[in-house]
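K.L.:
My structure is stored as model14.cif, with mmCIF, C-alpha atoms and all ligand atoms.
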```
data_structure
loop_
_atom_site.label_atom_id
_atom_site.label_comp_id
_atom_site.auth_asym_id
_atom_site.auth_seq_id
_atom_site.Cartn_x
_atom_site.Cartn_y
_atom_site.Cartn_z
CA MET J 1 -24.82 -10.52 -21.46
CA ALA J 2 -28.35 -9.20 -20.80
CA ILE J 3 -27.80 -5.48 -21.03
CA THR J 4 -30.61 -3.01 -21.44
CA THR J 5 -29.81 0.61 -22.15
CA ASP J 6 -31.52 3.86 -21.41
CA THR J 7 -30.40 6.87 -23.45
CA ARG J 8 -28.20 8.50 -20.82
CA LEU J 9 -27.74 6.17 -17.89
CA ALA J 10 -25.09 3.48 -18.00
CA PRO J 11 -26.37 0.10 -19.20
CA LEU J 12 -28.03 -2.16 -16.62
CA ASP J 13 -26.97 -5.76 -16.16
CA GLU J 14 -29.39 -8.19 -14.54
CA GLN J 15 -27.41 -11.38 -14.97
CA ILE J 16 -24.12 -11.06 -13.12
CA THR J 17 -24.43 -12.57 -9.65
CA ILE J 18 -22.47 -11.95 -6.46
CA ARG J 19 -21.68 -15.68 -6.44
CA GLN J 20 -19.98 -15.37 -9.86
CA LEU J 21 -18.05 -12.30 -8.70
CA THR J 22 -16.96 -14.16 -5.58
CA ASP J 23 -15.86 -17.31 -7.39
CA ASP J 24 -14.14 -16.01 -10.52
CA PRO J 25 -14.50 -12.28 -11.22
CA TYR J 26 -11.56 -11.75 -13.57
CA PRO J 27 -13.13 -13.12 -16.81
CA ILE J 28 -16.21 -10.99 -16.07
CA TYR J 29 -14.10 -7.86 -15.54
CA ALA J 30 -12.18 -8.57 -18.78
CA ARG J 31 -15.52 -8.69 -20.65
CA LEU J 32 -16.75 -5.52 -18.97
CA ARG J 33 -13.54 -3.62 -19.81
CA ARG J 34 -14.16 -4.55 -23.47
CA GLU J 35 -17.94 -4.18 -23.67
CA ALA J 36 -19.34 -2.14 -20.79
CA PRO J 37 -16.72 -0.37 -18.64
CA VAL J 38 -19.45 1.65 -16.89
CA LEU J 39 -22.19 -0.75 -15.92
CA ARG J 40 -25.01 -0.73 -13.39
CA VAL J 41 -25.08 -4.22 -11.91
CA LYS J 42 -28.39 -5.07 -10.30
CA SER J 43 -27.15 -7.78 -7.94
CA VAL J 44 -24.51 -5.45 -6.50
CA GLY J 45 -26.75 -2.36 -6.51
CA ARG J 46 -23.88 -0.20 -7.72
CA THR J 47 -22.34 1.18 -10.91
CA LEU J 48 -19.22 -0.85 -11.62
CA LEU J 49 -16.17 0.88 -13.09
CA THR J 50 -13.60 -1.53 -14.50
CA LYS J 51 -11.11 0.63 -16.46
CA ALA J 52 -7.92 1.84 -14.70
CA GLU J 53 -8.39 5.41 -15.91
CA ASP J 54 -11.89 5.59 -14.38
CA THR J 55 -11.11 3.94 -11.03
CA LYS J 56 -8.19 6.32 -10.53
CA TYR J 57 -10.21 9.35 -11.65
CA VAL J 58 -12.93 8.61 -9.07
CA LYS J 59 -10.53 8.08 -6.14
CA ASP J 60 -8.54 11.17 -7.08
CA ASN J 61 -11.70 13.34 -6.99
CA PRO J 62 -13.10 13.04 -3.46
CA GLY J 63 -15.17 16.22 -3.86
CA LEU J 64 -17.31 14.53 -6.48
CA PHE J 65 -16.97 10.96 -5.21
CA SER J 66 -17.27 10.85 -1.42
CA SER J 67 -16.15 8.10 0.93
CA ASP J 68 -18.88 9.14 3.36
CA ASP J 69 -21.67 6.64 3.00
CA PRO J 70 -24.30 7.58 5.62
CA ASN J 71 -25.98 4.19 5.33
CA THR J 72 -22.93 2.00 5.62
CA PRO J 73 -23.30 -1.01 7.95
CA MET J 74 -19.66 -0.31 8.82
CA LYS J 75 -20.81 2.46 11.15
CA ARG J 76 -23.01 0.07 13.11
CA ALA J 77 -20.40 -2.69 13.07
CA PHE J 78 -17.62 -0.41 14.36
CA ARG J 79 -19.87 1.65 16.65
CA ALA J 80 -18.58 4.83 14.98
CA HIS J 81 -17.78 6.27 11.59
CA THR J 82 -14.19 5.26 10.79
CA LEU J 83 -11.67 7.39 8.91
CA MET J 84 -12.26 5.26 5.83
CA ARG J 85 -15.75 6.72 5.58
CA LYS J 86 -14.83 10.38 6.05
CA ASP J 87 -13.79 13.15 3.68
CA GLY J 88 -11.74 16.33 3.67
CA GLU J 89 -10.50 17.91 6.88
CA GLU J 90 -12.16 15.37 9.15
CA HIS J 91 -10.52 12.49 7.32
CA ALA J 92 -7.14 14.25 7.20
CA ARG J 93 -7.21 14.91 10.95
CA GLU J 94 -7.97 11.31 11.86
CA ARG J 95 -5.54 9.85 9.34
CA GLY J 96 -2.92 12.33 10.55
CA ALA J 97 -3.47 11.18 14.15
CA MET J 98 -2.24 7.67 13.29
CA ALA J 99 0.37 8.80 10.74
CA PRO J 100 3.42 9.04 13.06
CA ALA J 101 3.24 5.26 13.58
CA PHE J 102 3.59 4.76 9.80
CA THR J 103 6.55 7.05 8.97
CA GLY J 104 9.51 5.56 7.12
CA ARG J 105 11.72 6.31 10.11
CA ASN J 106 9.49 4.46 12.55
CA ILE J 107 9.01 1.55 10.18
CA LYS J 108 12.78 1.20 9.96
CA GLN J 109 13.68 1.87 13.59
CA CYS J 110 10.71 0.43 15.47
CA TRP J 111 8.81 -2.08 13.38
CA GLU J 112 11.41 -3.69 11.16
CA PRO J 113 13.45 -5.15 14.07
CA ILE J 114 10.29 -6.44 15.79
CA TYR J 115 8.82 -7.83 12.56
CA THR J 116 12.11 -9.59 11.81
CA LYS J 117 12.04 -11.29 15.21
CA VAL J 118 8.41 -12.30 14.76
CA ALA J 119 9.17 -13.69 11.28
CA GLU J 120 12.14 -15.67 12.63
CA GLU J 121 10.03 -17.17 15.37
CA TYR J 122 7.05 -18.02 13.13
CA VAL J 123 9.17 -19.45 10.29
CA ALA J 124 11.31 -21.46 12.75
CA ARG J 125 8.28 -23.29 14.09
CA LEU J 126 7.28 -24.60 10.63
CA PRO J 127 8.11 -28.34 10.40
CA ARG J 128 10.58 -29.36 7.69
CA GLY J 129 9.57 -32.15 5.30
CA GLU J 130 5.86 -31.95 6.12
CA THR J 131 2.78 -30.64 4.36
CA VAL J 132 1.29 -27.62 6.10
CA ASP J 133 -1.39 -25.08 5.24
CA LEU J 134 0.49 -21.77 5.09
CA PHE J 135 -2.76 -19.86 5.68
CA THR J 136 -3.22 -21.10 9.24
CA ALA J 137 0.40 -22.04 10.02
CA LEU J 138 2.02 -18.78 8.96
CA ALA J 139 0.28 -16.07 6.94
CA GLY J 140 -2.66 -15.31 9.27
CA PRO J 141 -0.75 -15.44 12.60
CA PHE J 142 2.26 -13.51 11.19
CA ALA J 143 0.04 -10.69 9.90
CA ALA J 144 -1.83 -10.58 13.22
CA ARG J 145 1.28 -10.52 15.42
CA CYS J 146 3.00 -7.78 13.40
CA LEU J 147 -0.13 -5.67 13.57
CA THR J 148 -0.41 -5.93 17.36
CA HIS J 149 2.98 -4.21 17.64
CA LEU J 150 2.25 -1.48 15.10
CA LEU J 151 -1.07 -0.72 16.80
CA GLY J 152 0.27 -0.86 20.37
CA ILE J 153 -1.73 -3.84 21.62
CA PRO J 154 0.84 -6.69 21.81
CA GLU J 155 -1.19 -8.31 24.61
CA ALA J 156 -3.88 -9.30 22.08
CA SER J 157 -3.54 -12.92 20.92
CA ASP J 158 -3.14 -13.90 17.26
CA GLU J 159 -6.43 -15.81 17.51
CA ASP J 160 -8.36 -12.85 18.92
CA MET J 161 -6.90 -10.47 16.34
CA GLN J 162 -7.89 -12.75 13.46
CA ARG J 163 -11.35 -13.38 14.93
CA TRP J 164 -12.02 -9.66 15.52
CA SER J 165 -10.77 -8.82 12.06
CA GLN J 166 -13.14 -11.28 10.41
CA ILE J 167 -16.12 -10.21 12.54
CA LEU J 168 -15.51 -6.53 11.68
CA ILE J 169 -15.22 -7.35 7.98
CA ASP J 170 -18.41 -9.41 8.08
CA GLY J 171 -20.17 -6.63 10.00
CA ALA J 172 -19.00 -3.93 7.57
CA GLY J 173 -20.42 -6.06 4.75
CA ASN J 174 -23.69 -6.80 6.58
CA PHE J 175 -25.87 -5.13 3.96
CA GLY J 176 -28.77 -7.40 4.99
CA TRP J 177 -28.56 -5.76 8.48
CA THR J 178 -28.76 -9.18 10.16
CA ASP J 179 -29.11 -8.74 13.94
CA ALA J 180 -27.09 -11.85 14.79
CA LEU J 181 -24.07 -10.56 12.91
CA PHE J 182 -24.22 -7.17 14.62
CA ALA J 183 -24.57 -8.96 17.99
CA GLU J 184 -21.25 -10.68 17.26
CA CYS J 185 -19.77 -7.29 16.37
CA ASP J 186 -21.02 -5.88 19.69
CA LYS J 187 -19.34 -8.67 21.62
CA ALA J 188 -16.06 -8.19 19.74
CA ASN J 189 -16.31 -4.40 20.19
CA ASP J 190 -16.70 -4.85 23.96
CA GLU J 191 -13.60 -7.05 24.05
CA MET J 192 -11.57 -4.64 21.91
CA ASP J 193 -12.71 -1.50 23.76
CA ALA J 194 -11.76 -3.02 27.13
CA LEU J 195 -8.35 -3.98 25.81
CA PHE J 196 -7.75 -0.55 24.22
CA ILE J 197 -8.69 1.27 27.46
CA ALA J 198 -6.22 -0.82 29.48
CA ALA J 199 -3.50 -0.49 26.83
CA ALA J 200 -4.03 3.30 26.62
CA GLU J 201 -3.27 3.59 30.34
CA ARG J 202 0.03 1.83 29.77
CA HIS J 203 0.84 4.07 26.78
CA ARG J 204 0.17 7.19 28.83
CA ALA J 205 2.75 5.98 31.35
CA GLU J 206 5.20 4.58 28.78
CA PRO J 207 4.71 6.13 25.35
CA ASN J 208 6.07 4.52 22.20
CA GLN J 209 5.58 4.99 18.44
CA SER J 210 2.60 2.62 18.06
CA ALA J 211 -0.67 3.92 16.60
CA LEU J 212 -2.55 3.77 19.92
CA SER J 213 0.29 5.43 21.81
CA VAL J 214 0.73 8.34 19.39
CA MET J 215 -3.02 8.93 19.33
CA VAL J 216 -3.59 8.95 23.10
CA ASN J 217 -0.48 11.03 23.76
CA ALA J 218 -1.14 13.64 21.05
CA GLU J 219 -1.24 17.30 22.16
CA ASP J 220 -4.73 17.67 20.75
CA PRO J 221 -6.07 14.09 20.67
CA ILE J 222 -9.03 13.01 18.56
CA PRO J 223 -12.01 11.68 20.60
CA GLN J 224 -11.66 8.26 22.21
CA SER J 225 -14.50 6.88 20.05
CA GLN J 226 -12.43 7.73 16.96
CA ILE J 227 -9.18 6.39 18.39
CA HIS J 228 -10.97 3.11 19.00
CA SER J 229 -12.76 2.93 15.67
CA ASN J 230 -9.59 3.73 13.72
CA ILE J 231 -7.59 1.07 15.56
CA LYS J 232 -10.46 -1.24 14.62
CA ILE J 233 -10.28 -0.23 10.95
CA ALA J 234 -6.60 -1.14 11.06
CA ILE J 235 -7.49 -4.52 12.62
CA GLY J 236 -10.18 -5.09 9.98
CA GLY J 237 -7.88 -3.86 7.19
CA GLY J 238 -4.39 -4.85 8.30
CA ILE J 239 -4.59 -8.64 8.65
CA ASN J 240 -6.43 -10.02 5.60
CA GLU J 241 -4.41 -8.03 3.09
CA PRO J 242 -0.86 -8.97 4.08
CA ARG J 243 -2.07 -12.52 4.76
CA ASP J 244 -3.74 -12.88 1.35
CA ALA J 245 -0.87 -11.08 -0.40
CA LEU J 246 1.69 -13.48 1.10
CA LEU J 247 -0.32 -16.55 0.10
CA THR J 248 -0.93 -15.19 -3.41
CA ILE J 249 2.77 -14.43 -3.91
CA VAL J 250 3.88 -17.86 -2.64
CA TYR J 251 1.32 -19.51 -4.94
CA GLY J 252 2.43 -17.35 -7.89
CA LEU J 253 6.08 -18.25 -7.35
CA LEU J 254 5.54 -21.97 -6.72
CA SER J 255 3.37 -22.33 -9.81
CA ASN J 256 5.98 -20.59 -12.02
CA PRO J 257 9.28 -22.42 -11.44
CA ASP J 258 11.36 -20.16 -13.71
CA GLN J 259 10.24 -17.10 -11.75
CA PHE J 260 10.77 -18.88 -8.44
CA GLU J 261 14.35 -19.74 -9.40
CA ALA J 262 15.09 -16.18 -10.56
CA ALA J 263 13.59 -14.69 -7.39
CA LYS J 264 15.79 -16.88 -5.19
CA ARG J 265 18.88 -16.35 -7.33
CA ASP J 266 18.57 -12.58 -7.75
CA GLY J 267 16.55 -11.66 -4.65
CA LEU J 268 13.56 -10.38 -6.68
CA TRP J 269 11.29 -10.25 -3.64
CA MET J 270 9.99 -6.72 -4.20
CA GLU J 271 9.10 -7.64 -7.80
CA ALA J 272 7.39 -10.79 -6.50
CA PHE J 273 5.45 -8.68 -3.99
CA GLU J 274 4.28 -5.92 -6.35
CA GLU J 275 3.29 -8.45 -8.99
CA GLY J 276 1.37 -10.52 -6.43
CA VAL J 277 -0.80 -7.62 -5.25
CA ARG J 278 -1.33 -6.48 -8.84
CA TRP J 279 -2.25 -10.01 -9.98
CA VAL J 280 -4.85 -10.66 -7.25
CA ALA J 281 -5.52 -7.39 -5.41
CA PRO J 282 -6.25 -8.28 -1.75
CA ILE J 283 -8.86 -5.47 -1.61
CA GLN J 284 -10.60 -5.83 -4.95
CA VAL J 285 -13.20 -3.04 -4.84
CA SER J 286 -13.86 0.33 -3.15
CA SER J 287 -17.12 2.27 -3.28
CA ARG J 288 -17.71 6.01 -3.48
CA LEU J 289 -20.93 8.04 -3.17
CA VAL J 290 -21.64 10.48 -6.02
CA THR J 291 -22.17 14.00 -4.60
CA GLU J 292 -23.30 15.82 -7.79
CA ASP J 293 -24.76 14.78 -11.14
CA THR J 294 -21.81 13.93 -13.37
CA GLU J 295 -20.68 11.86 -16.36
CA ILE J 296 -18.23 9.05 -16.88
CA ARG J 297 -17.44 7.94 -20.46
CA GLY J 298 -20.48 9.91 -21.62
CA PHE J 299 -22.91 8.14 -19.26
CA HIS J 300 -24.97 10.15 -16.80
CA ILE J 301 -24.00 9.29 -13.20
CA PRO J 302 -26.66 10.81 -10.94
CA LYS J 303 -26.05 12.38 -7.54
CA GLY J 304 -26.69 9.76 -4.84
CA ASP J 305 -25.53 6.85 -7.00
CA THR J 306 -22.78 4.64 -5.61
CA VAL J 307 -19.94 3.84 -7.96
CA MET J 308 -17.81 0.81 -7.26
CA THR J 309 -14.23 1.22 -8.41
CA ILE J 310 -12.84 -2.23 -9.19
CA GLN J 311 -9.12 -1.84 -8.57
CA ALA J 312 -8.72 -5.59 -9.19
CA SER J 313 -9.86 -4.96 -12.76
CA ALA J 314 -7.77 -1.78 -13.09
CA CYS J 315 -4.74 -3.91 -12.23
CA HIS J 316 -5.45 -6.16 -15.26
CA ASP J 317 -6.37 -3.37 -17.70
CA GLU J 318 -5.09 -4.11 -21.23
CA ASP J 319 -4.25 -0.41 -21.62
CA LEU J 320 -1.46 -0.93 -19.07
CA TYR J 321 -0.62 -4.63 -18.89
CA GLU J 322 -0.05 -7.39 -21.39
CA ASP J 323 -1.54 -10.72 -20.25
CA GLY J 324 -2.51 -9.14 -16.94
CA HIS J 325 -4.17 -12.41 -15.88
CA LEU J 326 -0.74 -14.04 -15.58
CA TYR J 327 1.65 -13.78 -12.63
CA ASN J 328 4.88 -12.50 -14.15
CA ILE J 329 7.57 -10.93 -11.98
CA PHE J 330 9.53 -10.02 -15.15
CA ARG J 331 6.83 -7.74 -16.58
CA PRO J 332 7.87 -4.13 -17.26
CA LYS J 333 7.49 -1.90 -14.19
CA GLN J 334 4.17 -0.11 -14.19
CA PRO J 335 2.30 1.52 -11.28
CA HIS J 336 -0.74 -0.45 -10.08
CA GLN J 337 -3.81 0.43 -8.03
CA ALA J 338 -3.83 -2.42 -5.48
CA PHE J 339 -3.21 0.10 -2.68
CA GLY J 340 -5.87 2.50 -3.95
CA ASN J 341 -5.42 6.15 -4.93
CA GLY J 342 -6.16 9.61 -3.64
CA PRO J 343 -6.58 10.65 0.01
CA HIS J 344 -7.60 7.15 1.15
CA PHE J 345 -4.51 5.52 -0.38
CA CYS J 346 -3.54 2.61 1.91
CA GLN J 347 -1.84 3.91 5.02
CA GLY J 348 -0.11 0.56 5.52
CA THR J 349 1.53 0.35 2.06
CA HIS J 350 5.12 0.71 3.23
CA VAL J 351 4.57 -1.47 6.27
CA ALA J 352 3.17 -4.23 4.03
CA ARG J 353 6.07 -3.93 1.56
CA ARG J 354 8.61 -4.07 4.36
CA MET J 355 7.06 -7.00 6.22
CA LEU J 356 6.59 -9.19 3.15
CA ALA J 357 9.14 -8.20 0.49
CA ASN J 358 12.04 -7.29 2.79
CA ILE J 359 11.47 -9.67 5.68
CA MET J 360 9.15 -12.66 5.19
CA LEU J 361 9.73 -13.77 1.59
CA PRO J 362 13.55 -13.92 1.70
CA MET J 363 13.48 -15.58 5.13
CA LEU J 364 10.83 -18.17 4.19
CA PHE J 365 12.60 -19.25 1.00
CA ASP J 366 16.02 -19.19 2.58
CA ARG J 367 14.77 -21.77 5.04
CA PHE J 368 12.63 -23.74 2.55
CA PRO J 369 14.24 -23.21 -0.89
CA ASP J 370 12.59 -26.33 -2.33
CA MET J 371 9.08 -25.59 -1.11
CA ALA J 372 6.40 -27.04 -3.43
CA LEU J 373 2.62 -26.89 -3.73
CA ALA J 374 1.08 -30.03 -2.19
CA ASP J 375 -1.73 -30.04 -4.76
CA ALA J 376 -1.78 -27.14 -7.21
CA ASP J 377 -5.33 -27.96 -8.40
CA ALA J 378 -6.71 -27.80 -4.86
CA VAL J 379 -5.84 -24.12 -4.31
CA ARG J 380 -9.00 -22.01 -4.57
CA PHE J 381 -9.05 -18.22 -4.61
CA THR J 382 -12.28 -16.69 -3.41
CA GLY J 383 -13.82 -13.30 -2.58
CA PHE J 384 -15.50 -10.33 -4.23
CA GLY J 385 -14.51 -7.51 -1.81
CA PHE J 386 -11.38 -9.15 -0.39
CA ARG J 387 -9.69 -11.95 -2.36
CA GLY J 388 -7.06 -14.60 -1.74
CA PRO J 389 -6.57 -18.38 -1.40
CA ARG J 390 -8.60 -19.88 1.47
CA SER J 391 -5.85 -22.42 2.09
CA LEU J 392 -2.37 -23.06 0.70
CA PRO J 393 -1.04 -26.54 1.48
CA VAL J 394 2.68 -26.73 0.70
CA VAL J 395 5.44 -29.28 1.27
CA LEU J 396 8.21 -27.63 3.26
CA ASN J 397 11.72 -28.50 2.10
C1 LIG Q 1 -0.73 -5.99 0.84
C2 LIG Q 1 -1.31 -5.37 1.83
C3 LIG Q 1 -2.36 -4.30 1.72
C4 LIG Q 1 -3.16 -3.92 0.67
C5 LIG Q 1 -3.17 -4.50 -0.74
C6 LIG Q 1 -4.01 -2.83 1.13
C7 LIG Q 1 -4.95 -2.17 0.36
C8 LIG Q 1 -5.67 -1.04 0.74
C9 LIG Q 1 -6.57 -0.28 -0.10
C10 LIG Q 1 -6.90 -0.60 -1.55
C11 LIG Q 1 -7.04 0.76 0.64
C12 LIG Q 1 -7.97 1.89 0.15
C13 LIG Q 1 -9.44 1.62 0.35
C14 LIG Q 1 -10.30 2.72 -0.25
O1 LIG Q 1 -9.85 3.50 -1.10
O2 LIG Q 1 -11.49 2.80 0.11
C15 LIG Q 1 -6.48 0.66 1.97
C16 LIG Q 1 -6.72 1.53 3.01
C17 LIG Q 1 -6.16 1.40 4.25
N1 LIG Q 1 -5.22 0.48 4.66
FE1 LIG Q 1 -4.40 -0.98 3.54
N2 LIG Q 1 -3.72 -2.58 2.45
C18 LIG Q 1 -2.71 -3.44 2.85
C19 LIG Q 1 -2.11 -3.50 4.09
C20 LIG Q 1 -2.38 -2.67 5.14
C21 LIG Q 1 -1.74 -2.74 6.44
C22 LIG Q 1 -0.65 -3.74 6.86
C23 LIG Q 1 -2.27 -1.77 7.21
C24 LIG Q 1 -1.84 -1.49 8.61
C25 LIG Q 1 -2.53 -1.06 9.53
C26 LIG Q 1 -3.27 -1.06 6.38
C27 LIG Q 1 -4.04 0.02 6.79
C28 LIG Q 1 -4.94 0.72 6.00
C29 LIG Q 1 -5.72 1.85 6.46
C30 LIG Q 1 -5.69 2.46 7.86
C31 LIG Q 1 -6.49 2.28 5.37
C32 LIG Q 1 -7.48 3.43 5.35
C33 LIG Q 1 -6.82 4.67 4.83
C34 LIG Q 1 -7.79 5.83 4.68
O3 LIG Q 1 -9.00 5.64 4.53
O4 LIG Q 1 -7.29 6.97 4.71
N3 LIG Q 1 -3.31 -1.64 5.14
N4 LIG Q 1 -5.62 -0.46 2.00
#
```
Could you quickly redo this structure as structure tokens?

P.N.:
Amino acid sequence: MAITTDTRLAPLDEQITIRQLTDDPYPIYARLRREAPVLRVKSVGRTLLTKAEDTKYVKDNPGLFSSDDPNTPMKRAFRAHTLMRKDGEEHARERGAMAPAFTGRNIKQCWEPIYTKVAEEYVARLPRGETVDLFTALAGPFAARCLTHLLGIPEASDEDMQRWSQILIDGAGNFGWTDALFAECDKANDEMDALFIAAAERHRAEPNQSALSVMVNAEDPIPQSQIHSNIKIAIGGGINEPRDALLTIVYGLLSNPDQFEAAKRDGLWMEAFEEGVRWVAPIQVSSRLVTEDTEIRGFHIPKGDTVMTIQASACHDEDLYEDGHLYNIFRPKQPHQAFGNGPHFCQGTHVARRMLANIMLPMLFDRFPDMALADADAVRFTGFGFRGPRSLPVVLN
């Protein structure tokens, strides 16, 4: 590893490439946890933190490590600053505006019955005895349809939801500020804004517990621009993760027959879920802006630096997990960081647990108990920011 050190700053790496981090980041993170847990990586333009203690420390200290990045392309892509990029009171107010849609009571009373129906319908249309790609045939559309209900826009199609989600993600990551990409974002924003305006009218007349409905009907509503941008953050952040988590879990189970058998026999679906998101965290990294000169592990971290907390690496940290690179639903229970930490902790955590561990996994394997990977060697995981298998061909039996 080509590392050069200055006396106080963290070492600088000039060799790690984004391509390597996209293709196979875990061996790199394992090396960094051992040799350079605080490392400035030139290709990424950020200081990478790979130890669980450090990633948690940063997210738990929003005063020192802000989510507000004034130069984020996300602002341009979403046409407004979203709650993910705000701090303190402002963040709490916007997160609080959506919160009623995510309460345990509403998940149980409103979303669980709808999600169960959606799962039944989507699993029932899978053809028995054939090879299908679970990415396109189930995981993507299921995540999209569930989200339309939670957000209060059931008139949006699965295809549009998945397309918008990808465009927003690409736009938020458009660090090259490519015009063509932002033009696509503009088009998608126009489509979404028109749909939200029409749906808001309906929610004013017939309120329900969906995120859009509770926001437009609040006594002291947040501005429309923020209602729209926060619904968009949920579209950008609420499809990929459950989709990739489902595919990762199915792959983990099907490639470990003893675990698969035990899960079916003893109903270990929550264990399968938690281990899947720990094993390959669907959101691998989160950045924070340093607001004051500080230190991490004795290295000077200057104000204005951006630290990248690698929760994917935290979830494999040897301090907490033995053989963290292996999928093992029998491993001792241990909290993980796949849903983040601190004030920006994933708002959809319980929704995701419910829809996958309680509903989809038991239903899918009840219908196809002998499901098998069509070609285990052909499954490729990819992604630096978001990670999962790009396809998952299985034989359905
Ligand atoms: C397995 C599934 C999921 C995983 C692993 C996951 C992971 C995460 C992580 C790591 C963050 C924190 C990002 C940061 O600290 O910068 C986050 C934030 C968020 N997630 Fe999830 N997510 C999942 C599903 C969902 C779902 C289904 C929704 C539903 C809408 C959702 C909505 C959100 C929102 C709104 C935020 C922003 C919270 C804030 O900034 O206060 N997520 N998610």

K.L.:
List the neighbours of region 284-294 of chain J out to 7 Å using all atoms listed in the file; skip same-chain residues closer than 4 positions along the sequence, and give me the result as a ChimeraX atom specification.

P.N.:
/J:64-69,300-312,384-387

K.L.:
Kindly give the distance, in Å, that separates CA of Leu246 (chain J) and atom C33 of ligand LIG 1 (chain Q), rounded to a single decimal.

P.N.:
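Going from CA of Leu246 (chain J) over to atom C33 of ligand LIG 1 (chain Q), I get 20.4 Å.
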
K.L.:
Using only C-alpha atoms and all ligand atoms, can you tell me which of J:Leu253, J:Leu181, J:Met98, J:Ala139 comes closest to ligand LIG 1 (chain Q)?

P.N.:
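Ranking J:Leu253, J:Leu181, J:Met98, J:Ala139 by distance to ligand LIG 1 (chain Q), first place goes to J:Met98.
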
K.L.:
Could you give me, as CSV, a per-residue list for chain J showing, wherever an atom lies at most 8 Å from an atom of ligand LIG 1 (chain Q), the closest pair of atoms and their distance in Å to one decimal, using only C-alpha atoms and all ligand atoms and sorting by chain then residue number from low to high?

P.N.:
```
residue,atom,partner,partner_atom,distance
J:Lys59,CA,Q:LIG1,O1,6.8
J:Ser67,CA,Q:LIG1,O2,7.1
J:Leu83,CA,Q:LIG1,O3,5.4
J:Met84,CA,Q:LIG1,O3,3.5
J:Arg85,CA,Q:LIG1,O3,6.9
J:Lys86,CA,Q:LIG1,O3,7.7
J:His91,CA,Q:LIG1,O4,6.9
J:Ala92,CA,Q:LIG1,O4,7.7
J:Arg95,CA,Q:LIG1,O4,5.7
J:Ala143,CA,Q:LIG1,C22,7.6
J:Leu147,CA,Q:LIG1,C25,6.6
J:Leu150,CA,Q:LIG1,C25,7.4
J:Leu151,CA,Q:LIG1,C25,7.4
J:Asn230,CA,Q:LIG1,C30,7.2
J:Ile233,CA,Q:LIG1,C30,6.2
J:Ala234,CA,Q:LIG1,C25,4.3
J:Ile235,CA,Q:LIG1,C25,6.8
J:Gly237,CA,Q:LIG1,C26,5.5
J:Gly238,CA,Q:LIG1,C21,3.9
J:Ile239,CA,Q:LIG1,C22,6.5
J:Asn240,CA,Q:LIG1,C2,7.9
J:Glu241,CA,Q:LIG1,C2,4.3
J:Pro242,CA,Q:LIG1,C2,4.3
J:Arg243,CA,Q:LIG1,C1,7.7
J:Asp244,CA,Q:LIG1,C1,7.5
J:Ala245,CA,Q:LIG1,C1,5.2
J:Leu246,CA,Q:LIG1,C1,7.9
J:Val277,CA,Q:LIG1,C5,6.0
J:Ala281,CA,Q:LIG1,C5,6.0
J:Pro282,CA,Q:LIG1,C5,5.0
J:Ile283,CA,Q:LIG1,C10,5.2
J:Gln284,CA,Q:LIG1,C10,7.3
J:Val285,CA,Q:LIG1,C10,7.5
J:Ser286,CA,Q:LIG1,O2,4.7
J:Ser287,CA,Q:LIG1,O2,6.6
J:Arg288,CA,Q:LIG1,O2,7.9
J:Gln311,CA,Q:LIG1,C10,7.5
J:Gln337,CA,Q:LIG1,C10,7.3
J:Ala338,CA,Q:LIG1,C5,5.2
J:Phe339,CA,Q:LIG1,C10,3.9
J:Gly340,CA,Q:LIG1,C10,4.1
J:Asn341,CA,Q:LIG1,O1,6.4
J:Gly342,CA,Q:LIG1,O1,7.6
J:Pro343,CA,Q:LIG1,O4,6.0
J:His344,CA,Q:LIG1,O4,3.6
J:Phe345,CA,Q:LIG1,C12,5.0
J:Cys346,CA,Q:LIG1,C15,3.5
J:Gln347,CA,Q:LIG1,C28,4.6
J:Gly348,CA,Q:LIG1,C23,3.6
J:Thr349,CA,Q:LIG1,C19,5.7
J:Val351,CA,Q:LIG1,C22,5.7
J:Ala352,CA,Q:LIG1,C22,4.8
J:Arg353,CA,Q:LIG1,C1,7.1
```

K.L.:
Would you mind telling me which residue in J:Glu318, J:Glu184, J:Asp190, J:Glu14 lies nearest to Arg34 (chain J) when using only C-alpha atoms?

P.N.:
J:Glu318

K.L.:
What gap, in Å, lies between CA of Ala357 (chain J) and CA of Ala374 (chain J)?

P.N.:
23.4 Å

K.L.:
Here is a test: counting only C-alpha atoms, which residue of J:Val280, J:Ala376, J:Ile107, J:Leu138 is nearest to Pro25 (chain J)?

P.N.:
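Nearest to Pro25 (chain J): J:Val280.
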
K.L.:
Between CA of Asp24 (chain J) and CA of Ala144 (chain J), what is the distance in Å, rounded to a tenth?

P.N.:
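Computing the Euclidean distance for CA of Asp24 (chain J) and CA of Ala144 (chain J) yields 27.3 Å.
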
K.L.:
Can you work out which one of J:Ala119, J:Met161, J:Leu168, J:Ala200 has the shortest atom-to-atom distance to Met215 (chain J), counting only C-alpha atoms?

P.N.:
J:Ala200

K.L.:
Considering only C-alpha atoms, return as a count of residues only whatever protein or nucleic-acid residues lie within 12 Å of Lys264 (chain J), sequence-local ones (same chain, fewer than 3 positions apart) excluded.

P.N.:
24

K.L.:
Of the candidates J:Ala77, J:Ile28, J:Ala194, J:Met355, which one gets nearest to Asp170 (chain J) if we count all atoms listed in the file?

P.N.:
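Smallest separation from Asp170 (chain J) among the options: J:Ala77.
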
K.L.:
Env of Ala137 (chain J): 12 Å cut, atoms = all atoms listed in the file, seq-sep filter 5 positions within chain, self excluded. Answer as a PyMOL selection string.

P.N.:
chain J and resi 122-127+130-132+142-143+158-159+243+247+391-394+396
